[in-house]
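*Asks:* Handing you a structure now.
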Amino acid sequence: MEKIRYFDHAATTATKEDVLKEMLPYFNIEYGNPSSMYSIGRKTRKAVEESRKRVALAIGVDLKEIYFTSCGSESDNLAIKGVAYANRNRGNHIITTKIEHPAVLHTCEHLEKEGFRVTYLNVDADGLISLEELQNAITSDTILISVMFANNEIGTIQPIGEIGSIAKKHNIYFHTDAVQAVGNVRINVEELNIDLLSMSAHKFYGPKGMGALYVKTGVNFEKIQDGGHQERNMRAGTENVAGIVGLGKAIELAYKNFDEYNEKLTSLRDYYISQVEEKIPNIKLNGHKTRRLPGNANISFIGVDGEALLLNLDLKGICASSGSACTSGSLDPSHVLVAIGLSSEIAQGSLRVTFGDENTKEDVEYLVQSLVEIVEKLRK
């Protein structure tokens, strides 16, 4: 079988061997419930708190400000709904953007049905919000600003520090969906004035089904799930100890090897973009040219159908992602690409390539040569 070349690390990453090795004992050896009083329960509780410490250290916060969840989507829900419900007496207005992940957009849509008002900020052709538009959107009823750190489709990194400063000035809570940013960007929430931050382990070589939420001490938020008293009574349910251990180890490794890893990804990304620009006509790079995630390259191949492009790449053993949502059962183009001004036709011909640890320059050359052949065939 053709070697599989994986270029979809924004979708998920493989759990690293060192991460898996540290997780394994917590499935069948150290299996105690962390809420139990006896020794094997105390051992798993210790492992949970050690991982909490690792996460806190990675983003420069106190370990008591970290809450473990099942994924980035749950973290987004808990952050946005938790703040909205707890601060309803102060106001009912939330500000977000048109290019957020569905976990944020659908949560905001749900809150609108419950009487909250939501402003969806526009973005420019590079995917950046306007700080002036943000300022103008703020009212006396605004209780929360939620802007993703870096976009999952086009890789554009928002001016998070400036947004945080605006929120702080107006005494508004600031949440950021940092699912794509953690491990790819150095994050110090204190410096950036972030009040709540979502992350997901499987985006930085940890296990799927494991996330975390940072909530700054003093933020008024409430639980959205009833049950036991786990996670300081803010997130009910027996802890996924193996997953928590995996997240902690993965984030520790991500920032231990940060410079080397991101230099490699940036080099592969820039080489890929330059080769595609040189060898394939009628293309468009989507997202900011430089203010983007190190491993992200989203390119529209004009006159090409994204689904056909993906299927042909798959036949060559290449895994990537399309800007078109047709593979998820929808005929609508990506809401992100529409928001940056692309027509439906161009948006549906886009390809998101996201690089990772195992990719090489030779892999990129194989990808580019395959694209040259496939694009030429499809355009005919």
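Labels used: A, B, ... for chains in the order of the structure tokens, numbers from 1 for residues in each chain, and numbers from 1 for ligands as shown.
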Set out as a Markdown table a contact list for stretch 233-309 of chain A and stretch 46-68 of chain A with a cut-off of 7 Å, giving each residue of stretch 233-309 of chain A that qualifies its closest atom pair and distance in Å to one decimal, counting only C-alpha atoms, ordered by chain and rising residue number.
*Replies:*
| residue | atom | partner | partner_atom | distance |
| --- | --- | --- | --- | --- |
| A:Val241 | CA | A:Val48 | CA | 6.3 |
| A:Ile244 | CA | A:Val48 | CA | 6.3 |
| A:Val245 | CA | A:Ser51 | CA | 5.6 |
| A:Gly248 | CA | A:Ser51 | CA | 4.3 |
| A:Ile251 | CA | A:Val55 | CA | 6.5 |
| A:Glu252 | CA | A:Arg54 | CA | 6.2 |
| A:Tyr255 | CA | A:Ala58 | CA | 6.9 |
*Asks:* Can you pull out the residues contacting stretch 11-26 of chain A? Cut-off 7 Å, using only C-alpha atoms, and skip same-chain residues under 2 positions away; I want them as a list in words.
*Replies:*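 The contact residues come out as Asp8, His9, Asn28, Ile29, Glu30, Tyr31, His202, Lys203, Phe204, Tyr205, Gly206, Pro207, Val241, Ala242, Val245, Gly246, Lys249 and Ala250 of chain A.
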*Asks:* Output N, CA, C and O atoms of each residue in that selection to a file, as a short mmCIF file (atom, residue, chain, number, x, y, z; two decimals), in the first residue's frame.
*Replies:*
data_model
loop_
_atom_site.label_atom_id
_atom_site.label_comp_id
_atom_site.auth_asym_id
_atom_site.auth_seq_id
_atom_site.Cartn_x
_atom_site.Cartn_y
_atom_site.Cartn_z
N ASP A 8 -2.88 16.84 8.02
CA ASP A 8 -4.12 17.37 8.60
C ASP A 8 -4.01 17.47 10.12
O ASP A 8 -4.92 17.09 10.86
N HIS A 9 -2.89 18.03 10.58
CA HIS A 9 -2.62 18.11 12.02
C HIS A 9 -3.53 19.11 12.73
O HIS A 9 -3.61 19.08 13.96
N ASN A 28 -5.11 0.26 33.97
CA ASN A 28 -5.35 -1.03 34.63
C ASN A 28 -4.46 -1.33 35.84
O ASN A 28 -4.61 -2.36 36.48
N ILE A 29 -3.53 -0.42 36.15
CA ILE A 29 -2.67 -0.63 37.32
C ILE A 29 -3.02 0.39 38.39
O ILE A 29 -3.45 0.03 39.50
N GLU A 30 -2.85 1.67 38.06
CA GLU A 30 -3.26 2.75 38.98
C GLU A 30 -4.68 3.17 38.59
O GLU A 30 -4.90 4.21 37.99
N TYR A 31 -5.64 2.32 38.91
CA TYR A 31 -7.00 2.51 38.41
C TYR A 31 -7.96 3.13 39.42
O TYR A 31 -9.16 3.25 39.17
N HIS A 202 -5.66 16.62 21.90
CA HIS A 202 -5.32 15.91 20.67
C HIS A 202 -4.79 16.84 19.56
O HIS A 202 -4.38 16.37 18.51
N LYS A 203 -4.77 18.13 19.82
CA LYS A 203 -4.17 19.07 18.86
C LYS A 203 -2.66 19.22 19.08
O LYS A 203 -1.97 19.77 18.23
N PHE A 204 -2.16 18.75 20.24
CA PHE A 204 -0.72 18.85 20.49
C PHE A 204 -0.15 17.50 20.96
O PHE A 204 0.58 17.41 21.91
N TYR A 205 -0.55 16.44 20.22
CA TYR A 205 0.02 15.10 20.39
C TYR A 205 -0.36 14.44 21.71
O TYR A 205 0.37 13.60 22.23
N GLY A 206 -1.54 14.82 22.22
CA GLY A 206 -2.10 14.15 23.38
C GLY A 206 -3.30 13.32 22.95
O GLY A 206 -3.60 13.21 21.76
N PRO A 207 -4.03 12.73 23.90
CA PRO A 207 -5.16 11.86 23.56
C PRO A 207 -6.41 12.64 23.18
O PRO A 207 -6.63 13.76 23.62
N VAL A 241 -8.56 9.93 34.29
CA VAL A 241 -7.21 10.07 34.81
C VAL A 241 -6.16 9.85 33.72
O VAL A 241 -5.22 10.64 33.58
N ALA A 242 -6.30 8.78 32.94
CA ALA A 242 -5.32 8.51 31.88
C ALA A 242 -5.26 9.67 30.89
O ALA A 242 -4.18 10.10 30.46
N VAL A 245 -3.52 12.69 32.51
CA VAL A 245 -2.07 12.46 32.53
C VAL A 245 -1.49 12.69 31.14
O VAL A 245 -0.43 13.30 30.98
N GLY A 246 -2.20 12.21 30.12
CA GLY A 246 -1.73 12.40 28.74
C GLY A 246 -1.68 13.85 28.34
O GLY A 246 -0.72 14.31 27.70
N LYS A 249 1.34 15.54 30.10
CA LYS A 249 2.63 15.18 29.49
C LYS A 249 2.78 15.82 28.12
O LYS A 249 3.85 16.33 27.77
N ALA A 250 1.70 15.83 27.33
CA ALA A 250 1.75 16.38 25.97
C ALA A 250 2.06 17.87 25.96
O ALA A 250 2.86 18.35 25.16
#
*Asks:* Name all residues at most 12 Å from A:Asn233 (count only C-alpha atoms; drop same-chain ones fewer than 6 positions away) and give them as a compact mmCIF listing (two decimals) with all heavy atoms, in the first residue's frame.
*Replies:*
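In the end it all went to out.txt:
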# COMPACT_ATOMS: atom_id res chain seq x y z
N TYR A 67 -9.23 23.71 34.92
CA TYR A 67 -10.31 22.74 35.05
C TYR A 67 -10.22 21.76 33.89
O TYR A 67 -10.13 22.18 32.73
CB TYR A 67 -11.67 23.44 35.02
CG TYR A 67 -11.88 24.42 36.16
CD1 TYR A 67 -11.40 25.73 36.07
CD2 TYR A 67 -12.53 24.04 37.32
CE1 TYR A 67 -11.57 26.63 37.11
CE2 TYR A 67 -12.72 24.94 38.38
CZ TYR A 67 -12.22 26.23 38.26
OH TYR A 67 -12.40 27.11 39.30
N PHE A 68 -10.27 20.46 34.18
CA PHE A 68 -10.21 19.46 33.12
C PHE A 68 -11.60 19.18 32.57
O PHE A 68 -12.58 19.10 33.32
CB PHE A 68 -9.55 18.18 33.64
CG PHE A 68 -8.08 18.33 33.92
CD1 PHE A 68 -7.58 18.13 35.20
CD2 PHE A 68 -7.21 18.70 32.91
CE1 PHE A 68 -6.23 18.28 35.46
CE2 PHE A 68 -5.84 18.86 33.16
CZ PHE A 68 -5.35 18.65 34.44
N PHE A 221 -18.23 32.69 37.19
CA PHE A 221 -18.84 31.76 36.24
C PHE A 221 -19.46 30.61 37.01
O PHE A 221 -19.14 30.38 38.18
CB PHE A 221 -17.82 31.28 35.20
CG PHE A 221 -16.99 30.09 35.59
CD1 PHE A 221 -17.11 28.89 34.90
CD2 PHE A 221 -16.07 30.15 36.62
CE1 PHE A 221 -16.35 27.79 35.24
CE2 PHE A 221 -15.29 29.07 36.96
CZ PHE A 221 -15.43 27.86 36.27
N GLU A 222 -20.39 29.90 36.37
CA GLU A 222 -21.07 28.82 37.07
C GLU A 222 -21.05 27.55 36.25
O GLU A 222 -20.86 27.57 35.03
CB GLU A 222 -22.51 29.21 37.40
CG GLU A 222 -23.39 29.47 36.21
CD GLU A 222 -24.79 29.93 36.62
OE1 GLU A 222 -24.90 30.90 37.37
OE2 GLU A 222 -25.77 29.29 36.17
N LYS A 223 -21.23 26.43 36.92
CA LYS A 223 -21.21 25.13 36.25
C LYS A 223 -22.44 24.99 35.35
O LYS A 223 -23.48 25.62 35.58
CB LYS A 223 -21.16 24.01 37.27
CG LYS A 223 -22.38 23.91 38.18
CD LYS A 223 -22.19 22.80 39.20
CE LYS A 223 -23.40 22.74 40.15
NZ LYS A 223 -23.23 21.69 41.18
N ILE A 224 -22.31 24.16 34.32
CA ILE A 224 -23.43 23.92 33.41
C ILE A 224 -23.82 22.44 33.40
O ILE A 224 -24.67 22.03 32.64
CB ILE A 224 -23.11 24.41 31.98
CG1 ILE A 224 -21.89 23.67 31.41
CG2 ILE A 224 -22.89 25.90 31.95
CD1 ILE A 224 -21.62 23.96 29.94
N GLN A 225 -23.15 21.67 34.25
CA GLN A 225 -23.40 20.23 34.31
C GLN A 225 -23.57 19.81 35.77
O GLN A 225 -22.70 20.08 36.59
CB GLN A 225 -22.22 19.48 33.68
CG GLN A 225 -22.30 17.97 33.71
CD GLN A 225 -21.17 17.34 32.93
OE1 GLN A 225 -20.92 17.69 31.78
NE2 GLN A 225 -20.45 16.43 33.55
N ASP A 226 -24.67 19.18 36.09
CA ASP A 226 -24.93 18.76 37.46
C ASP A 226 -24.43 17.34 37.71
O ASP A 226 -24.35 16.52 36.80
CB ASP A 226 -26.43 18.83 37.76
CG ASP A 226 -26.94 20.27 37.76
OD1 ASP A 226 -26.26 21.11 38.37
OD2 ASP A 226 -27.99 20.53 37.15
N GLY A 227 -24.10 17.09 38.96
CA GLY A 227 -23.60 15.76 39.33
C GLY A 227 -22.76 15.86 40.59
O GLY A 227 -23.15 16.51 41.56
*Asks:* From a backbone DSSP assignment, name each residue in stretch 154-356 of chain A labelled alpha helix (DSSP H), as a VMD selection string.
*Replies:* chain A and resid 160 to 169 189 to 192 230 to 233 241 to 256 258 to 279 306 to 315 335 to 339 344 to 347
*Asks:* Quick one: residues within 10 Å of A:Gln135, only C-alpha atoms, excluding same-chain residues fewer than 4 positions away - as a PDB file with C-alpha atoms, in the first residue's frame?
*Replies:*
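So result-v4.pdb came out as:
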ATOM      1  CA  SER A 130     -10.934  45.302  13.471  1.00  0.00           C
ATOM      2  CA  LEU A 131     -10.093  46.571  16.948  1.00  0.00           C
ATOM      3  CA  THR A 139     -22.107  48.515  25.290  1.00  0.00           C
ATOM      4  CA  ILE A 163      -8.230  42.471  22.549  1.00  0.00           C
ATOM      5  CA  ILE A 166      -9.709  46.444  25.526  1.00  0.00           C
ATOM      6  CA  ALA A 167     -11.715  43.916  27.536  1.00  0.00           C
ATOM      7  CA  HIS A 170     -14.066  48.001  29.992  1.00  0.00           C
TER       8      HIS A 170
END
*Asks:* Please provide as JSON, numbers by chain all residues within 8 Å of stretch 301-318 of chain A, with the sequence filter that same-chain residues fewer than 2 positions apart are discarded (counting only C-alpha atoms).
*Replies:* {"A": [2, 3, 4, 5, 6, 7, 282, 283, 284, 299, 320, 321, 322, 323, 324, 326, 327, 345, 346, 348, 349, 350, 351, 367, 370, 371, 374, 375, 378, 379]}
*Asks:* How would the residues just picked look written out with N, CA and C atoms as a PDB file, in the first residue's frame?
*Replies:*
ATOM      1  N   GLU A   2       0.387   2.280  -0.687  1.00  0.00           N
ATOM      2  CA  GLU A   2       1.093   3.563  -0.732  1.00  0.00           C
ATOM      3  C   GLU A   2       1.289   4.116   0.673  1.00  0.00           C
ATOM      4  N   LYS A   3       2.480   4.645   0.925  1.00  0.00           N
ATOM      5  CA  LYS A   3       2.754   5.264   2.221  1.00  0.00           C
ATOM      6  C   LYS A   3       1.758   6.400   2.474  1.00  0.00           C
ATOM      7  N   ILE A   4       1.211   6.456   3.686  1.00  0.00           N
ATOM      8  CA  ILE A   4       0.284   7.525   4.050  1.00  0.00           C
ATOM      9  C   ILE A   4       1.096   8.749   4.464  1.00  0.00           C
ATOM     10  N   ARG A   5       0.794   9.865   3.812  1.00  0.00           N
ATOM     11  CA  ARG A   5       1.430  11.137   4.179  1.00  0.00           C
ATOM     12  C   ARG A   5       0.330  12.034   4.766  1.00  0.00           C
ATOM     13  N   TYR A   6       0.491  12.341   6.030  1.00  0.00           N
ATOM     14  CA  TYR A   6      -0.562  13.010   6.781  1.00  0.00           C
ATOM     15  C   TYR A   6      -0.284  14.506   6.891  1.00  0.00           C
ATOM     16  N   PHE A   7      -1.209  15.315   6.359  1.00  0.00           N
ATOM     17  CA  PHE A   7      -1.078  16.773   6.385  1.00  0.00           C
ATOM     18  C   PHE A   7      -2.352  17.411   6.954  1.00  0.00           C
ATOM     19  N   ASN A 282      -3.191  30.297 -11.019  1.00  0.00           N
ATOM     20  CA  ASN A 282      -4.552  30.557 -10.573  1.00  0.00           C
ATOM     21  C   ASN A 282      -4.848  29.959  -9.184  1.00  0.00           C
ATOM     22  N   ILE A 283      -4.069  30.401  -8.220  1.00  0.00           N
ATOM     23  CA  ILE A 283      -4.292  29.979  -6.838  1.00  0.00           C
ATOM     24  C   ILE A 283      -4.402  31.215  -5.959  1.00  0.00           C
ATOM     25  N   LYS A 284      -4.894  31.016  -4.750  1.00  0.00           N
ATOM     26  CA  LYS A 284      -4.987  32.115  -3.787  1.00  0.00           C
ATOM     27  C   LYS A 284      -4.682  31.598  -2.385  1.00  0.00           C
ATOM     28  N   ILE A 299      -4.920  27.111   0.755  1.00  0.00           N
ATOM     29  CA  ILE A 299      -4.814  27.637  -0.611  1.00  0.00           C
ATOM     30  C   ILE A 299      -6.036  27.245  -1.423  1.00  0.00           C
ATOM     31  N   ALA A 320      -5.428  15.423   3.746  1.00  0.00           N
ATOM     32  CA  ALA A 320      -5.500  16.876   3.947  1.00  0.00           C
ATOM     33  C   ALA A 320      -6.968  17.223   4.165  1.00  0.00           C
ATOM     34  N   SER A 321      -7.284  18.495   4.164  1.00  0.00           N
ATOM     35  CA  SER A 321      -8.650  18.927   4.456  1.00  0.00           C
ATOM     36  C   SER A 321      -9.067  20.004   3.467  1.00  0.00           C
ATOM     37  N   SER A 322     -10.352  20.025   3.131  1.00  0.00           N
ATOM     38  CA  SER A 322     -10.869  21.021   2.205  1.00  0.00           C
ATOM     39  C   SER A 322     -11.554  22.149   2.951  1.00  0.00           C
ATOM     40  N   GLY A 323     -11.519  23.337   2.371  1.00  0.00           N
ATOM     41  CA  GLY A 323     -12.271  24.459   2.930  1.00  0.00           C
ATOM     42  C   GLY A 323     -13.747  24.281   2.698  1.00  0.00           C
ATOM     43  N   SER A 324     -14.112  23.356   1.805  1.00  0.00           N
ATOM     44  CA  SER A 324     -15.517  23.058   1.566  1.00  0.00           C
ATOM     45  C   SER A 324     -16.041  22.137   2.648  1.00  0.00           C
ATOM     46  N   CYS A 326     -18.442  20.053   2.148  1.00  0.00           N
ATOM     47  CA  CYS A 326     -19.233  19.013   1.496  1.00  0.00           C
ATOM     48  C   CYS A 326     -18.963  17.632   2.083  1.00  0.00           C
ATOM     49  N   THR A 327     -17.754  17.421   2.599  1.00  0.00           N
ATOM     50  CA  THR A 327     -17.442  16.115   3.159  1.00  0.00           C
ATOM     51  C   THR A 327     -18.160  15.869   4.473  1.00  0.00           C
ATOM     52  N   GLU A 345     -17.625  29.592  -5.150  1.00  0.00           N
ATOM     53  CA  GLU A 345     -16.871  28.747  -6.070  1.00  0.00           C
ATOM     54  C   GLU A 345     -15.404  28.639  -5.659  1.00  0.00           C
ATOM     55  N   ILE A 346     -14.794  29.759  -5.306  1.00  0.00           N
ATOM     56  CA  ILE A 346     -13.386  29.744  -4.904  1.00  0.00           C
ATOM     57  C   ILE A 346     -13.228  29.073  -3.545  1.00  0.00           C
ATOM     58  N   GLN A 348     -14.982  26.690  -2.283  1.00  0.00           N
ATOM     59  CA  GLN A 348     -15.134  25.246  -2.382  1.00  0.00           C
ATOM     60  C   GLN A 348     -13.972  24.580  -3.107  1.00  0.00           C
ATOM     61  N   GLY A 349     -13.024  25.370  -3.574  1.00  0.00           N
ATOM     62  CA  GLY A 349     -11.830  24.809  -4.204  1.00  0.00           C
ATOM     63  C   GLY A 349     -10.602  24.968  -3.341  1.00  0.00           C
ATOM     64  N   SER A 350     -10.797  25.102  -2.043  1.00  0.00           N
ATOM     65  CA  SER A 350      -9.654  25.339  -1.158  1.00  0.00           C
ATOM     66  C   SER A 350      -9.165  24.051  -0.513  1.00  0.00           C
ATOM     67  N   LEU A 351      -7.889  24.066  -0.164  1.00  0.00           N
ATOM     68  CA  LEU A 351      -7.250  22.917   0.478  1.00  0.00           C
ATOM     69  C   LEU A 351      -6.467  23.420   1.680  1.00  0.00           C
ATOM     70  N   LEU A 367       3.745  15.955  -2.123  1.00  0.00           N
ATOM     71  CA  LEU A 367       2.446  16.623  -2.087  1.00  0.00           C
ATOM     72  C   LEU A 367       2.311  17.614  -3.236  1.00  0.00           C
ATOM     73  N   SER A 370       2.026  15.904  -6.606  1.00  0.00           N
ATOM     74  CA  SER A 370       0.698  15.302  -6.727  1.00  0.00           C
ATOM     75  C   SER A 370      -0.345  16.368  -7.045  1.00  0.00           C
ATOM     76  N   LEU A 371      -0.239  17.525  -6.391  1.00  0.00           N
ATOM     77  CA  LEU A 371      -1.180  18.621  -6.652  1.00  0.00           C
ATOM     78  C   LEU A 371      -1.055  19.132  -8.082  1.00  0.00           C
ATOM     79  N   ILE A 374      -2.894  16.539 -10.200  1.00  0.00           N
ATOM     80  CA  ILE A 374      -4.339  16.449  -9.936  1.00  0.00           C
ATOM     81  C   ILE A 374      -5.061  17.726 -10.370  1.00  0.00           C
ATOM     82  N   VAL A 375      -4.502  18.886 -10.056  1.00  0.00           N
ATOM     83  CA  VAL A 375      -5.137  20.144 -10.420  1.00  0.00           C
ATOM     84  C   VAL A 375      -5.233  20.278 -11.943  1.00  0.00           C
ATOM     85  N   LEU A 378      -8.041  17.900 -13.083  1.00  0.00           N
ATOM     86  CA  LEU A 378      -9.379  18.382 -12.732  1.00  0.00           C
ATOM     87  C   LEU A 378      -9.778  19.611 -13.519  1.00  0.00           C
ATOM     88  N   ARG A 379      -8.825  20.483 -13.812  1.00  0.00           N
ATOM     89  CA  ARG A 379      -9.150  21.679 -14.580  1.00  0.00           C
ATOM     90  C   ARG A 379      -9.487  21.345 -16.035  1.00  0.00           C
TER      91      ARG A 379
END
*Asks:* Tell me, which residues of stretch 194-276 of chain A carry DSSP strand (DSSP E), written as an mmCIF file with N, CA and C atoms, in the first residue's frame?
*Replies:*
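Contents of part_3.cif, as written:
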data_model
loop_
_atom_site.group_PDB
_atom_site.id
_atom_site.type_symbol
_atom_site.label_atom_id
_atom_site.label_comp_id
_atom_site.auth_asym_id
_atom_site.auth_seq_id
_atom_site.Cartn_x
_atom_site.Cartn_y
_atom_site.Cartn_z
ATOM 1 N N LEU A 196 -10.324 33.572 30.333
ATOM 2 C CA LEU A 196 -10.681 32.165 30.153
ATOM 3 C C LEU A 196 -10.054 31.669 28.857
ATOM 4 N N LEU A 197 -9.536 30.445 28.864
ATOM 5 C CA LEU A 197 -8.854 29.898 27.687
ATOM 6 C C LEU A 197 -9.160 28.418 27.547
ATOM 7 N N SER A 198 -9.552 28.016 26.332
ATOM 8 C CA SER A 198 -9.886 26.619 26.040
ATOM 9 C C SER A 198 -8.757 25.935 25.290
ATOM 10 N N MET A 199 -8.553 24.638 25.599
ATOM 11 C CA MET A 199 -7.551 23.848 24.871
ATOM 12 C C MET A 199 -8.025 22.411 24.739
ATOM 13 N N SER A 200 -7.397 21.677 23.811
ATOM 14 C CA SER A 200 -7.755 20.282 23.567
ATOM 15 C C SER A 200 -6.493 19.476 23.315
ATOM 16 N N GLY A 211 -9.694 17.695 27.354
ATOM 17 C CA GLY A 211 -9.483 19.132 27.211
ATOM 18 C C GLY A 211 -9.264 19.787 28.552
ATOM 19 N N ALA A 212 -9.050 21.086 28.510
ATOM 20 C CA ALA A 212 -8.886 21.851 29.746
ATOM 21 C C ALA A 212 -9.389 23.264 29.523
ATOM 22 N N LEU A 213 -9.787 23.887 30.615
ATOM 23 C CA LEU A 213 -10.232 25.274 30.581
ATOM 24 C C LEU A 213 -9.509 26.040 31.681
ATOM 25 N N TYR A 214 -8.884 27.139 31.296
ATOM 26 C CA TYR A 214 -8.310 28.063 32.288
ATOM 27 C C TYR A 214 -9.366 29.106 32.628
ATOM 28 N N VAL A 215 -9.575 29.330 33.919
ATOM 29 C CA VAL A 215 -10.467 30.391 34.386
ATOM 30 C C VAL A 215 -9.713 31.192 35.434
#
